[in-house]
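Shown below: structure-v7.txt, with compact mmCIF, C-alpha atoms.
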```txt
# COMPACT_ATOMS: atom_id res chain seq x y z
CA MET A 1 118.68 123.77 48.49
CA ASP A 2 118.12 127.05 46.69
CA ASN A 3 117.92 130.35 48.55
CA LEU A 4 114.20 130.87 47.88
CA THR A 5 113.23 127.50 49.37
CA PHE A 6 115.55 128.07 52.32
CA GLY A 7 114.25 131.61 52.93
CA VAL A 8 110.58 130.63 52.77
CA SER A 9 111.20 127.56 54.98
CA MET A 10 113.01 129.66 57.57
CA VAL A 11 110.30 132.36 57.61
CA VAL A 12 107.43 129.89 57.88
CA VAL A 13 108.97 127.29 60.20
CA GLY A 14 111.03 129.83 62.16
CA MET A 15 108.20 132.26 62.86
CA GLY A 16 105.66 129.49 63.29
CA GLY A 17 107.99 127.48 65.52
CA THR A 18 108.77 130.45 67.76
CA LEU A 19 105.10 131.39 68.06
CA LEU A 20 104.06 127.81 68.77
CA THR A 21 106.80 127.26 71.36
CA LEU A 22 105.94 130.45 73.25
CA TRP A 23 102.22 129.65 73.07
CA LEU A 24 102.95 126.23 74.55
CA LEU A 25 105.06 127.83 77.28
CA SER A 26 102.30 130.33 78.07
CA LEU A 27 99.88 127.41 78.52
CA ILE A 28 102.38 125.70 80.81
CA MET A 29 102.70 128.92 82.80
CA LEU A 30 98.94 129.03 83.27
CA LEU A 31 99.03 125.40 84.37
CA LEU A 32 101.85 126.10 86.83
CA LYS A 33 99.84 128.94 88.33
CA LYS A 34 96.91 126.57 88.82
CA ILE A 35 99.07 123.81 90.33
CA PHE A 36 100.94 126.18 92.67
CA PRO A 37 98.42 128.91 93.50
CA TYR A 38 99.64 132.10 95.14
CA LYS A 39 97.35 132.15 98.21
CA GLU A 40 98.08 128.63 99.28
CA GLU A 41 101.81 129.23 99.20
CA ASN A 42 101.38 132.53 101.02
CA GLY A 43 99.74 130.62 103.83
CA ASN A 44 102.60 128.16 103.95
CA ASN A 45 105.10 130.98 104.06
CA SER A 46 103.38 132.66 106.96
CA ARG A 47 103.52 129.41 108.94
CA GLY A 48 107.23 129.15 108.23
CA MET B 1 176.04 157.52 64.74
CA LEU B 2 173.67 159.85 62.88
CA GLU B 3 172.44 156.83 60.98
CA ALA B 4 171.70 154.99 64.23
CA ILE B 5 169.80 158.02 65.56
CA MET B 6 167.78 158.21 62.33
CA SER B 7 167.01 154.48 62.52
CA GLY B 8 165.89 154.89 66.10
CA LEU B 9 163.67 157.81 65.11
CA SER B 10 162.19 155.81 62.24
CA GLY B 11 161.07 153.25 64.81
CA LEU B 12 159.13 155.99 66.57
CA VAL B 13 157.30 157.09 63.43
CA ALA B 14 156.72 153.56 62.07
CA GLY B 15 153.21 153.54 63.47
CA PHE B 16 152.32 156.68 61.49
CA MET B 17 154.05 155.37 58.37
CA ASN B 18 152.01 152.15 58.48
CA LEU B 19 148.70 153.88 59.02
CA HIS B 20 146.08 152.68 56.52
CA TRP B 21 143.37 155.20 55.58
CA SER B 22 140.78 153.01 57.29
CA ASN B 23 142.53 153.11 60.68
CA PRO B 24 141.83 156.80 61.49
CA VAL B 25 138.24 156.32 60.28
CA MET B 26 137.78 153.42 62.67
CA ILE B 27 139.45 155.34 65.49
CA LEU B 28 136.81 158.00 64.89
CA VAL B 29 134.12 155.28 65.01
CA GLY B 30 135.64 154.11 68.30
CA LEU B 31 135.50 157.69 69.61
CA LEU B 32 131.86 157.94 68.50
CA LEU B 33 131.02 154.77 70.44
CA LEU B 34 132.83 156.19 73.48
CA TYR B 35 130.87 159.43 73.10
CA LEU B 36 127.56 157.56 72.88
CA GLY B 37 128.45 155.47 75.92
CA ILE B 38 129.99 158.17 78.12
CA LYS B 39 128.13 161.33 77.17
CA LYS B 40 124.79 159.97 75.97
CA GLY B 41 124.63 157.03 78.38
CA PHE B 42 123.72 154.50 75.64
CA GLU B 43 124.75 151.06 77.00
CA PRO B 44 128.00 152.46 78.47
CA LEU B 45 129.01 149.11 79.95
CA LEU B 46 129.34 147.78 76.42
CA LEU B 47 129.98 150.76 74.20
CA VAL B 48 132.94 151.99 76.27
CA PRO B 49 134.97 148.73 76.03
CA ILE B 50 133.84 148.19 72.41
CA GLY B 51 134.84 151.72 71.44
CA PHE B 52 138.18 151.44 73.21
CA GLY B 53 138.81 148.02 71.65
CA ALA B 54 138.15 149.56 68.22
CA ILE B 55 140.73 152.26 68.92
CA LEU B 56 143.31 149.74 70.18
CA VAL B 57 143.04 147.44 67.18
CA ASN B 58 143.41 150.29 64.70
CA ILE B 59 146.79 151.41 65.98
CA PRO B 60 149.29 149.93 63.50
CA LEU B 61 152.09 147.54 64.44
CA ALA B 62 150.79 146.87 67.96
CA GLY B 63 149.72 143.39 66.84
CA LEU B 64 147.03 143.08 69.48
CA MET B 65 144.90 140.81 67.30
CA GLU B 66 147.80 138.81 65.90
CA GLU B 67 148.76 135.46 67.33
CA GLU B 68 149.91 135.93 70.95
CA GLY B 69 148.37 139.42 70.99
CA PHE B 70 146.40 139.93 74.18
CA LEU B 71 143.14 140.80 72.40
CA ARG B 72 143.47 137.69 70.20
CA ILE B 73 143.92 135.52 73.30
CA ILE B 74 140.79 136.96 74.92
CA TYR B 75 138.84 136.69 71.64
CA ASP B 76 139.83 133.06 71.03
CA ALA B 77 139.19 132.05 74.61
CA GLY B 78 135.80 133.70 75.04
CA ILE B 79 134.17 134.47 71.71
CA MET B 80 135.31 131.64 69.49
CA THR B 81 134.48 129.14 72.23
CA GLU B 82 131.09 130.93 72.79
CA ILE B 83 131.78 131.00 76.52
CA PHE B 84 131.38 134.78 77.01
CA PRO B 85 127.78 135.06 75.70
CA LEU B 86 126.78 132.04 77.78
CA LEU B 87 128.31 133.45 80.99
CA ILE B 88 126.58 136.76 80.29
CA PHE B 89 123.32 134.84 80.02
CA VAL B 90 123.75 133.32 83.47
CA GLY B 91 124.02 136.91 84.75
CA ILE B 92 121.02 138.08 82.74
CA GLY B 93 118.96 135.21 84.13
CA ALA B 94 120.04 136.12 87.65
CA MET B 95 118.98 139.74 87.07
CA THR B 96 115.63 139.05 85.42
CA ASP B 97 112.35 138.88 87.27
CA PHE B 98 109.89 136.85 85.21
CA GLY B 99 107.15 137.73 87.72
CA PRO B 100 105.33 140.26 85.49
CA LEU B 101 105.32 137.72 82.66
CA LEU B 102 104.02 134.94 84.90
CA GLU B 103 101.25 137.26 86.15
CA ASN B 104 99.86 137.43 82.63
CA PRO B 105 101.18 134.55 80.48
CA LYS B 106 99.14 135.72 77.46
CA ILE B 107 101.63 138.51 76.84
CA PHE B 108 104.31 135.89 76.25
CA MET B 109 102.99 135.87 72.68
CA LEU B 110 104.21 139.44 72.25
CA GLY B 111 107.69 138.09 72.91
CA ALA B 112 107.22 135.82 69.90
CA ALA B 113 105.92 138.56 67.61
CA GLY B 114 108.90 140.70 68.59
CA GLN B 115 111.20 138.14 66.96
CA PHE B 116 109.58 138.12 63.51
CA GLY B 117 112.09 140.70 62.31
CA ILE B 118 114.79 138.03 62.59
CA PHE B 119 113.21 135.80 59.98
CA LEU B 120 112.03 138.58 57.66
CA THR B 121 115.52 140.10 57.65
CA LEU B 122 117.07 136.70 57.05
CA ALA B 123 114.93 136.40 53.90
CA LEU B 124 115.92 139.90 52.80
CA ALA B 125 119.64 139.17 53.36
CA LEU B 126 119.30 136.08 51.17
CA ALA B 127 117.63 138.17 48.49
CA LEU B 128 120.56 140.61 48.65
CA GLY B 129 123.01 137.83 47.87
CA PHE B 130 124.38 136.85 51.26
CA THR B 131 125.05 133.15 51.80
CA LYS B 132 122.62 131.13 53.92
CA LEU B 133 124.83 131.13 57.01
CA GLU B 134 125.63 134.84 56.62
CA ALA B 135 121.91 135.57 56.31
CA LEU B 136 121.25 133.68 59.56
CA SER B 137 123.84 135.78 61.35
CA ILE B 138 122.46 139.03 59.94
CA GLY B 139 118.88 138.07 60.77
CA ILE B 140 119.81 137.34 64.37
CA ILE B 141 120.55 141.06 64.90
CA GLY B 142 116.75 141.25 65.05
CA ALA B 143 116.87 139.30 68.31
CA CYS B 144 117.99 142.66 69.73
CA ASP B 145 120.11 140.58 72.00
CA GLY B 146 123.91 140.95 71.89
CA PRO B 147 124.95 137.62 73.44
CA THR B 148 122.57 135.66 71.18
CA ALA B 149 123.85 137.49 68.09
CA ILE B 150 127.45 136.74 69.08
CA TYR B 151 126.65 133.11 69.85
CA VAL B 152 125.03 132.48 66.45
CA THR B 153 127.48 134.54 64.39
CA SER B 154 130.61 133.05 65.97
CA GLN B 155 129.30 129.63 64.93
CA TYR B 156 128.15 130.36 61.40
CA ALA B 157 129.79 133.51 60.07
CA PRO B 158 132.69 134.54 62.33
CA HIS B 159 133.96 136.93 59.63
CA LEU B 160 130.82 139.04 60.20
CA LEU B 161 131.13 139.09 63.98
CA GLY B 162 132.36 142.69 64.21
CA ALA B 163 129.56 144.16 62.11
CA VAL B 164 126.83 141.97 63.61
CA SER B 165 127.78 142.54 67.24
CA VAL B 166 128.29 146.27 66.81
CA ALA B 167 124.90 146.50 65.09
CA ALA B 168 123.19 144.38 67.78
CA TYR B 169 124.59 146.34 70.71
CA SER B 170 124.36 149.79 69.14
CA TYR B 171 120.78 149.38 67.96
CA MET B 172 119.79 147.84 71.28
CA SER B 173 120.95 151.03 72.96
CA LEU B 174 119.09 153.15 70.40
CA VAL B 175 115.71 151.52 71.06
CA PRO B 176 114.40 154.68 72.79
CA VAL B 177 115.22 156.65 69.64
CA PHE B 178 113.66 154.61 66.85
CA GLN B 179 110.78 152.80 68.57
CA PRO B 180 108.49 155.75 69.47
CA PRO B 181 107.86 156.96 65.89
CA ILE B 182 106.95 153.41 64.79
CA MET B 183 104.66 152.97 67.80
CA LYS B 184 102.92 156.26 67.04
CA LEU B 185 102.58 155.50 63.36
CA LEU B 186 100.92 152.11 63.90
CA THR B 187 98.50 152.96 66.71
CA THR B 188 95.53 155.28 67.10
CA LYS B 189 95.25 157.80 69.95
CA GLU B 190 92.47 155.70 71.51
CA GLU B 191 94.67 152.61 71.48
CA ARG B 192 97.57 154.44 73.10
CA GLU B 193 95.24 155.64 75.84
CA ILE B 194 94.06 152.14 76.87
CA ASN B 195 94.56 151.71 80.60
CA MET B 196 95.49 148.15 81.44
CA GLY B 197 95.09 148.63 85.18
CA ALA B 198 97.45 147.44 87.87
CA VAL B 199 99.26 144.12 87.70
CA LYS B 200 97.77 141.84 90.33
CA LYS B 201 100.31 139.84 92.30
CA SER B 202 99.29 136.24 91.77
CA VAL B 203 102.41 134.15 91.30
CA SER B 204 103.70 131.83 93.99
CA LYS B 205 107.37 131.34 94.77
CA THR B 206 107.09 127.69 93.74
CA THR B 207 105.81 128.71 90.30
CA LYS B 208 108.77 131.05 89.92
CA ILE B 209 111.16 128.25 90.85
CA VAL B 210 109.54 125.63 88.63
CA PHE B 211 109.23 128.01 85.64
CA PRO B 212 112.94 128.03 84.57
CA ILE B 213 113.19 124.26 84.91
CA VAL B 214 110.06 123.59 82.85
CA VAL B 215 111.03 126.13 80.18
CA THR B 216 114.49 124.58 79.89
CA VAL B 217 113.14 121.06 79.44
CA ILE B 218 110.21 121.86 77.09
CA ALA B 219 111.90 124.51 74.92
CA GLY B 220 115.13 122.51 74.99
CA MET B 221 113.29 119.52 73.54
CA ILE B 222 111.79 121.67 70.77
CA ALA B 223 114.96 123.59 69.92
CA PRO B 224 117.93 121.63 71.31
CA LYS B 225 120.45 123.70 69.37
CA GLY B 226 119.46 126.73 71.43
CA LEU B 227 119.78 124.93 74.74
CA PRO B 228 123.15 126.46 75.72
CA LEU B 229 121.54 129.93 75.51
CA LEU B 230 118.26 128.95 77.14
CA GLY B 231 119.88 126.71 79.74
CA THR B 232 122.26 129.38 80.99
CA ILE B 233 119.63 132.13 81.25
CA MET B 234 117.28 129.75 83.07
CA LEU B 235 120.05 128.53 85.39
CA GLY B 236 120.69 132.14 86.40
CA ASN B 237 116.98 132.66 86.98
CA LEU B 238 116.59 129.47 88.99
CA MET B 239 119.45 130.56 91.26
CA ARG B 240 117.74 133.93 91.74
CA GLU B 241 114.31 132.53 92.50
CA CYS B 242 115.25 129.59 94.70
CA GLY B 243 117.18 131.82 97.09
CA ALA B 244 119.39 128.93 98.16
CA VAL B 245 122.54 130.05 96.37
CA GLU B 246 122.63 133.74 97.09
CA ARG B 247 126.40 133.94 96.74
CA LEU B 248 126.30 132.40 93.26
CA THR B 249 123.41 134.64 92.23
CA LYS B 250 125.22 137.76 93.38
CA ALA B 251 128.45 136.64 91.72
CA SER B 252 126.59 135.91 88.47
CA GLU B 253 124.83 139.25 88.31
CA ASN B 254 127.79 141.29 89.52
CA GLU B 255 131.37 140.03 89.38
CA ILE B 256 131.02 137.41 86.63
CA ALA B 257 128.74 139.57 84.47
CA ASN B 258 131.00 142.61 84.92
CA VAL B 259 134.25 140.83 84.11
CA VAL B 260 132.76 139.03 81.11
CA THR B 261 131.10 142.22 79.84
CA LEU B 262 134.46 143.97 79.89
CA LEU B 263 136.24 141.12 78.08
CA LEU B 264 133.35 140.65 75.64
CA GLY B 265 133.21 144.35 74.82
CA ILE B 266 136.91 144.74 74.23
CA SER B 267 137.00 141.56 72.10
CA ILE B 268 134.16 142.82 69.93
CA GLY B 269 135.93 146.15 69.52
CA ALA B 270 138.99 144.18 68.49
CA THR B 271 137.12 142.77 65.49
CA MET B 272 136.75 146.30 64.11
CA ASP B 273 140.08 146.53 62.30
CA GLY B 274 139.48 149.12 59.57
CA ARG B 275 141.10 147.00 56.86
CA VAL B 276 138.50 144.27 57.28
CA PHE B 277 135.61 146.21 58.78
CA LEU B 278 135.27 149.11 56.37
CA LYS B 279 133.62 147.62 53.35
CA TYR B 280 130.34 147.85 51.51
CA GLN B 281 129.12 144.60 53.07
CA THR B 282 129.41 146.07 56.59
CA LEU B 283 127.23 149.01 55.61
CA ILE B 284 124.57 146.65 54.22
CA ILE B 285 124.70 144.57 57.43
CA LEU B 286 124.26 147.70 59.57
CA CYS B 287 121.25 148.75 57.45
CA LEU B 288 119.71 145.26 57.59
CA GLY B 289 120.26 145.14 61.36
CA LEU B 290 118.41 148.41 61.82
CA LEU B 291 115.62 147.14 59.59
CA ALA B 292 115.45 143.91 61.61
CA ILE B 293 114.88 145.75 64.88
CA CYS B 294 112.35 148.10 63.28
CA LEU B 295 110.48 145.07 61.88
CA ASP B 296 110.46 143.53 65.38
CA THR B 297 108.78 146.68 66.66
CA VAL B 298 106.30 146.74 63.77
CA CYS B 299 105.37 143.06 64.25
CA GLY B 300 105.17 143.49 68.04
CA VAL B 301 102.82 146.48 67.84
CA LEU B 302 100.67 144.83 65.16
CA PHE B 303 100.41 141.69 67.28
CA GLY B 304 99.51 143.91 70.23
CA LYS B 305 96.67 145.35 68.13
CA LEU B 306 95.51 141.83 67.33
CA MET B 307 95.59 140.94 71.03
CA LYS B 308 93.64 144.10 71.79
CA VAL B 309 90.86 142.91 69.47
CA VAL B 310 90.94 139.34 70.80
CA THR B 311 90.81 140.44 74.44
CA GLY B 312 88.04 142.97 73.84
CA GLY B 313 90.26 146.04 74.19
CA ARG B 314 92.11 145.10 77.38
CA ILE B 315 95.60 145.13 75.84
CA ASN B 316 97.33 148.39 74.98
CA PRO B 317 99.17 147.71 71.68
CA LEU B 318 102.08 149.87 72.82
CA ILE B 319 103.33 147.05 75.04
CA GLY B 320 103.76 144.98 71.87
CA ALA B 321 106.83 147.08 71.09
CA ALA B 322 108.36 145.82 74.34
CA GLY B 323 108.30 142.23 73.12
CA ILE B 324 111.97 142.45 72.19
CA SER B 325 115.03 141.52 74.18
CA ALA B 326 116.28 145.05 74.95
CA TYR B 327 115.55 144.88 78.68
CA PRO B 328 114.41 147.06 80.33
CA MET B 329 114.71 149.88 77.77
CA ALA B 330 111.87 148.66 75.56
CA ALA B 331 109.51 148.40 78.56
CA ARG B 332 110.42 151.92 79.66
CA VAL B 333 109.73 153.24 76.16
CA ALA B 334 106.24 151.66 76.21
CA GLN B 335 105.57 153.18 79.65
CA LYS B 336 106.77 156.64 78.54
CA GLU B 337 104.76 156.59 75.32
CA GLY B 338 101.64 155.39 77.14
CA GLN B 339 101.89 158.18 79.70
CA LYS B 340 102.20 160.79 76.98
CA TYR B 341 98.59 160.10 76.02
CA ASN B 342 97.10 159.08 79.35
CA ARG B 343 98.89 160.42 82.40
CA LYS B 344 97.14 157.91 84.67
CA ASN B 345 98.32 154.98 82.60
CA TYR B 346 101.03 152.80 84.15
CA LEU B 347 102.01 150.29 81.50
CA LEU B 348 105.44 149.56 82.96
CA MET B 349 104.76 146.22 84.65
CA HIS B 350 102.72 144.95 81.68
CA ALA B 351 105.49 146.06 79.34
CA MET B 352 108.08 144.40 81.62
CA GLY B 353 106.14 141.16 81.15
CA ALA B 354 106.29 141.54 77.36
CA ASN B 355 109.95 142.55 77.63
CA THR B 356 110.97 139.47 79.64
CA GLY B 357 108.85 137.46 77.18
CA GLY B 358 110.99 139.04 74.47
CA GLN B 359 114.14 137.93 76.27
CA VAL B 360 113.01 134.33 76.36
CA GLY B 361 111.50 134.73 72.87
CA SER B 362 114.78 135.88 71.34
CA VAL B 363 116.63 132.90 72.78
CA ILE B 364 113.91 130.51 71.63
CA ALA B 365 113.82 132.11 68.17
CA ALA B 366 117.59 131.61 67.90
CA GLY B 367 117.22 128.01 69.09
CA VAL B 368 114.40 127.37 66.62
CA MET B 369 116.47 128.92 63.86
CA LEU B 370 119.51 126.76 64.65
CA SER B 371 117.42 123.62 64.94
CA VAL B 372 115.57 124.29 61.66
CA VAL B 373 118.88 124.92 59.89
CA ASN B 374 120.14 121.65 61.31
CA GLY B 375 116.94 119.91 60.22
CA LEU B 376 117.30 121.31 56.70
CA GLY B 377 120.81 119.89 56.56
CA ILE B 378 122.46 123.29 55.97
CA VAL B 379 125.06 122.66 58.69
```

Same coordinates, now as structure tokens:
Amino acid sequence: MDNLTFGVSMVVVGMGGTLLTLWLLSLIMLLLKKIFPYKEENGNNSRG
Amino acid sequence: MLEAIMSGLSGLVAGFMNLHWSNPVMILVGLLLLYLGIKKGFEPLLLVPIGFGAILVNIPLAGLMEEEGFLRIIYDAGIMTEIFPLLIFVGIGAMTDFGPLLENPKIFMLGAAGQFGIFLTLALALALGFTKLEALSIGIIGACDGPTAIYVTSQYAPHLLGAVSVAAYSYMSLVPVFQPPIMKLLTTKEEREINMGAVKKSVSKTTKIVFPIVVTVIAGMIAPKGLPLLGTIMLGNLMRECGAVERLTKASENEIANVVTLLLGISIGATMDGRVFLKYQTLIILCLGLLAICLDTVCGVLFGKLMKVVTGGRINPLIGAAGISAYPMAARVAQKEGQKYNRKNYLLMHAMGANTGGQVGSVIAAGVMLSVVNGLGIV
């Protein structure tokens, strides 16, 4: 593989892949916050 | 007898007689690193052992980096096996609070934008004639993350390890120097004045415990080659958040991190033998490394501006500059710059979120890079 093809592939797939992975993780974080809401847990803690 | 005395004396001056011109230059570089660490307070935990290691390895005839030399033993055991960066990552995970990031997951994207410098610099290094694997190692300086840079370079271009690690650690410590002018140049006064308000506490303990496990599994599936880096940082964080292994957490963030930092620093310094370090290529790598971190800042701030537009002006673009791995310096820079223009503006916790996003982002970018290279059949 020549350097130009490699460079362009790395820039496109690398930047795109990083952005996509972190976007996916941010969605999962939002989901986690919905599944385990703060108030509910706070209540549990106070009982414990 | 006179002859014996002269021979004995010659043994005492042999070190001076074998001095190569590059050795005193590198001793001066070592002294400069010590000065920056001790007097200026730039990453002293790293620059002091690195600087001292550079001095040690440039004293002729000591043979510290030859076979059986004590620096060679440490280097082979910890750097070549990639164990030191991974142990450091367990400590970093144990020290990092992902709370501010979890409060506002949107700013995770700034942690992605802050890694673009890696890939742009990689392309530039290729254009300058470096080989593919060398270009990967040079680009990774843009992760602004010493352990990641060492991990990648020791795998793909170990001959560049000295230059890459010195660039990564030195530039990381110089973030407060070169980020502010870029931030000012790319933002308007109105943008710098945007008040993002207080960070509302809204993350449960369970979320904080589940977060490192989920990130490890999902990101590990996407970029399995980066799993050692991601897995160790997330293990450290899980130990911190679960609270069940306090002794391990404390050991990871104190004793283990301290011992490994010392050994890592001195081993990196030991790669700075003047005869191999002082060449034109090193200078180019140092310049490209600086460019990589500047490009990270540029991309981070520009992405921050984009997020400002998308969110209807609720994001201050200055926090985009914190989307790199230099924690917590980059977040402090964003806070300081924000307060220059609006004294009531407390960007710190928002910037901390972007900064921890940058930490995860740099590891994921490295993992993506390694996996893509693997997919392309380069290694």

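Going from CA of Thr311 (chain B) over to CA of Gly197 (chain B), you cover 14.2 Å.
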
TODO: For chain B, work out the contacting residues on chain A at 7 Å, counting all atoms listed in the file, and write them as a ChimeraX atom specification.
DONE: /A:3,7,10-11,14-15,17-19,21-23,25-26,29-30,32-33,36-38,41

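When CA of Leu291 (chain B) is paired with CA of Leu161 (chain B), their separation reads 18.0 Å.
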
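If you look at CA of Phe98 (chain B) and CA of Val48 (chain B), they are 29.0 Å away from each other.
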
With all atoms of region 235-249 of chain B from the file as input, state the centre and edge lengths in Å to one decimal of the axis-aligned box that has 3 Å extra on each side, as AutoDock Vina command-line options.
```
--center_x 120.4 --center_y 131.6 --center_z 91.8 --size_x 18.1 --size_y 12.1 --size_z 18.8
```

TODO: Find the residue from B:Ile74, B:Ala321, B:Gly304, B:Val25 that sits nearest to Ile194 (chain B); use only C-alpha atoms when measuring.
DONE: B:Gly304

Task: Answer as a PyMOL selection string, residues within 12 Å of (114.2, 141.7, 72.2) using all atoms listed in the file - done: chain B and resi 110-118+140-149+168-169+171-173+175+292-297+299-300+320-331+352+354-366

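The shortest atom-to-atom distance to Ile27 (chain B), with only C-alpha atoms taken into account, belongs to B:Met272 out of B:Ile73, B:Val259, B:Leu230, B:Met272.
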
Start from the incomplete input, build N, CA and C atoms for region 1-18 of chain A, and deliver everything as a PDB file, in the frame of the given file.
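Contents of part_17.pdb, freshly written:
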```pdb
ATOM      1  N   MET A   1     119.941 123.016  48.352  1.00  0.00           N
ATOM      2  CA  MET A   1     118.680 123.770  48.490  1.00  0.00           C
ATOM      3  C   MET A   1     118.876 125.217  48.018  1.00  0.00           C
ATOM      4  N   ASP A   2     117.955 125.683  47.186  1.00  0.00           N
ATOM      5  CA  ASP A   2     118.120 127.050  46.690  1.00  0.00           C
ATOM      6  C   ASP A   2     117.699 128.068  47.758  1.00  0.00           C
ATOM      7  N   ASN A   3     118.148 129.303  47.538  1.00  0.00           N
ATOM      8  CA  ASN A   3     117.920 130.350  48.550  1.00  0.00           C
ATOM      9  C   ASN A   3     116.441 130.637  48.801  1.00  0.00           C
ATOM     10  N   LEU A   4     115.624 130.562  47.724  1.00  0.00           N
ATOM     11  CA  LEU A   4     114.200 130.870  47.880  1.00  0.00           C
ATOM     12  C   LEU A   4     113.532 129.844  48.805  1.00  0.00           C
ATOM     13  N   THR A   5     113.813 128.558  48.539  1.00  0.00           N
ATOM     14  CA  THR A   5     113.230 127.500  49.370  1.00  0.00           C
ATOM     15  C   THR A   5     113.698 127.648  50.812  1.00  0.00           C
ATOM     16  N   PHE A   6     114.997 127.915  50.970  1.00  0.00           N
ATOM     17  CA  PHE A   6     115.550 128.070  52.320  1.00  0.00           C
ATOM     18  C   PHE A   6     114.909 129.263  53.037  1.00  0.00           C
ATOM     19  N   GLY A   7     114.818 130.391  52.323  1.00  0.00           N
ATOM     20  CA  GLY A   7     114.250 131.610  52.930  1.00  0.00           C
ATOM     21  C   GLY A   7     112.813 131.409  53.359  1.00  0.00           C
ATOM     22  N   VAL A   8     112.005 130.835  52.458  1.00  0.00           N
ATOM     23  CA  VAL A   8     110.580 130.630  52.770  1.00  0.00           C
ATOM     24  C   VAL A   8     110.447 129.629  53.929  1.00  0.00           C
ATOM     25  N   SER A   9     111.267 128.565  53.889  1.00  0.00           N
ATOM     26  CA  SER A   9     111.200 127.560  54.980  1.00  0.00           C
ATOM     27  C   SER A   9     111.546 128.212  56.316  1.00  0.00           C
ATOM     28  N   MET A  10     112.584 129.031  56.313  1.00  0.00           N
ATOM     29  CA  MET A  10     113.010 129.660  57.570  1.00  0.00           C
ATOM     30  C   MET A  10     111.930 130.613  58.100  1.00  0.00           C
ATOM     31  N   VAL A  11     111.333 131.396  57.181  1.00  0.00           N
ATOM     32  CA  VAL A  11     110.300 132.360  57.610  1.00  0.00           C
ATOM     33  C   VAL A  11     109.101 131.605  58.194  1.00  0.00           C
ATOM     34  N   VAL A  12     108.641 130.598  57.451  1.00  0.00           N
ATOM     35  CA  VAL A  12     107.430 129.890  57.880  1.00  0.00           C
ATOM     36  C   VAL A  12     107.692 129.050  59.140  1.00  0.00           C
ATOM     37  N   VAL A  13     108.714 128.199  59.064  1.00  0.00           N
ATOM     38  CA  VAL A  13     108.970 127.290  60.200  1.00  0.00           C
ATOM     39  C   VAL A  13     109.552 128.082  61.385  1.00  0.00           C
ATOM     40  N   GLY A  14     110.412 129.045  61.084  1.00  0.00           N
ATOM     41  CA  GLY A  14     111.030 129.830  62.160  1.00  0.00           C
ATOM     42  C   GLY A  14     109.998 130.642  62.933  1.00  0.00           C
ATOM     43  N   MET A  15     109.203 131.429  62.191  1.00  0.00           N
ATOM     44  CA  MET A  15     108.200 132.260  62.860  1.00  0.00           C
ATOM     45  C   MET A  15     107.139 131.393  63.514  1.00  0.00           C
ATOM     46  N   GLY A  16     106.688 130.389  62.760  1.00  0.00           N
ATOM     47  CA  GLY A  16     105.660 129.490  63.290  1.00  0.00           C
ATOM     48  C   GLY A  16     106.181 128.740  64.512  1.00  0.00           C
ATOM     49  N   GLY A  17     107.406 128.240  64.417  1.00  0.00           N
ATOM     50  CA  GLY A  17     107.990 127.480  65.520  1.00  0.00           C
ATOM     51  C   GLY A  17     108.154 128.316  66.776  1.00  0.00           C
ATOM     52  N   THR A  18     108.596 129.557  66.589  1.00  0.00           N
ATOM     53  CA  THR A  18     108.770 130.450  67.760  1.00  0.00           C
ATOM     54  C   THR A  18     107.415 130.733  68.405  1.00  0.00           C
TER      55      THR A  18
END
```
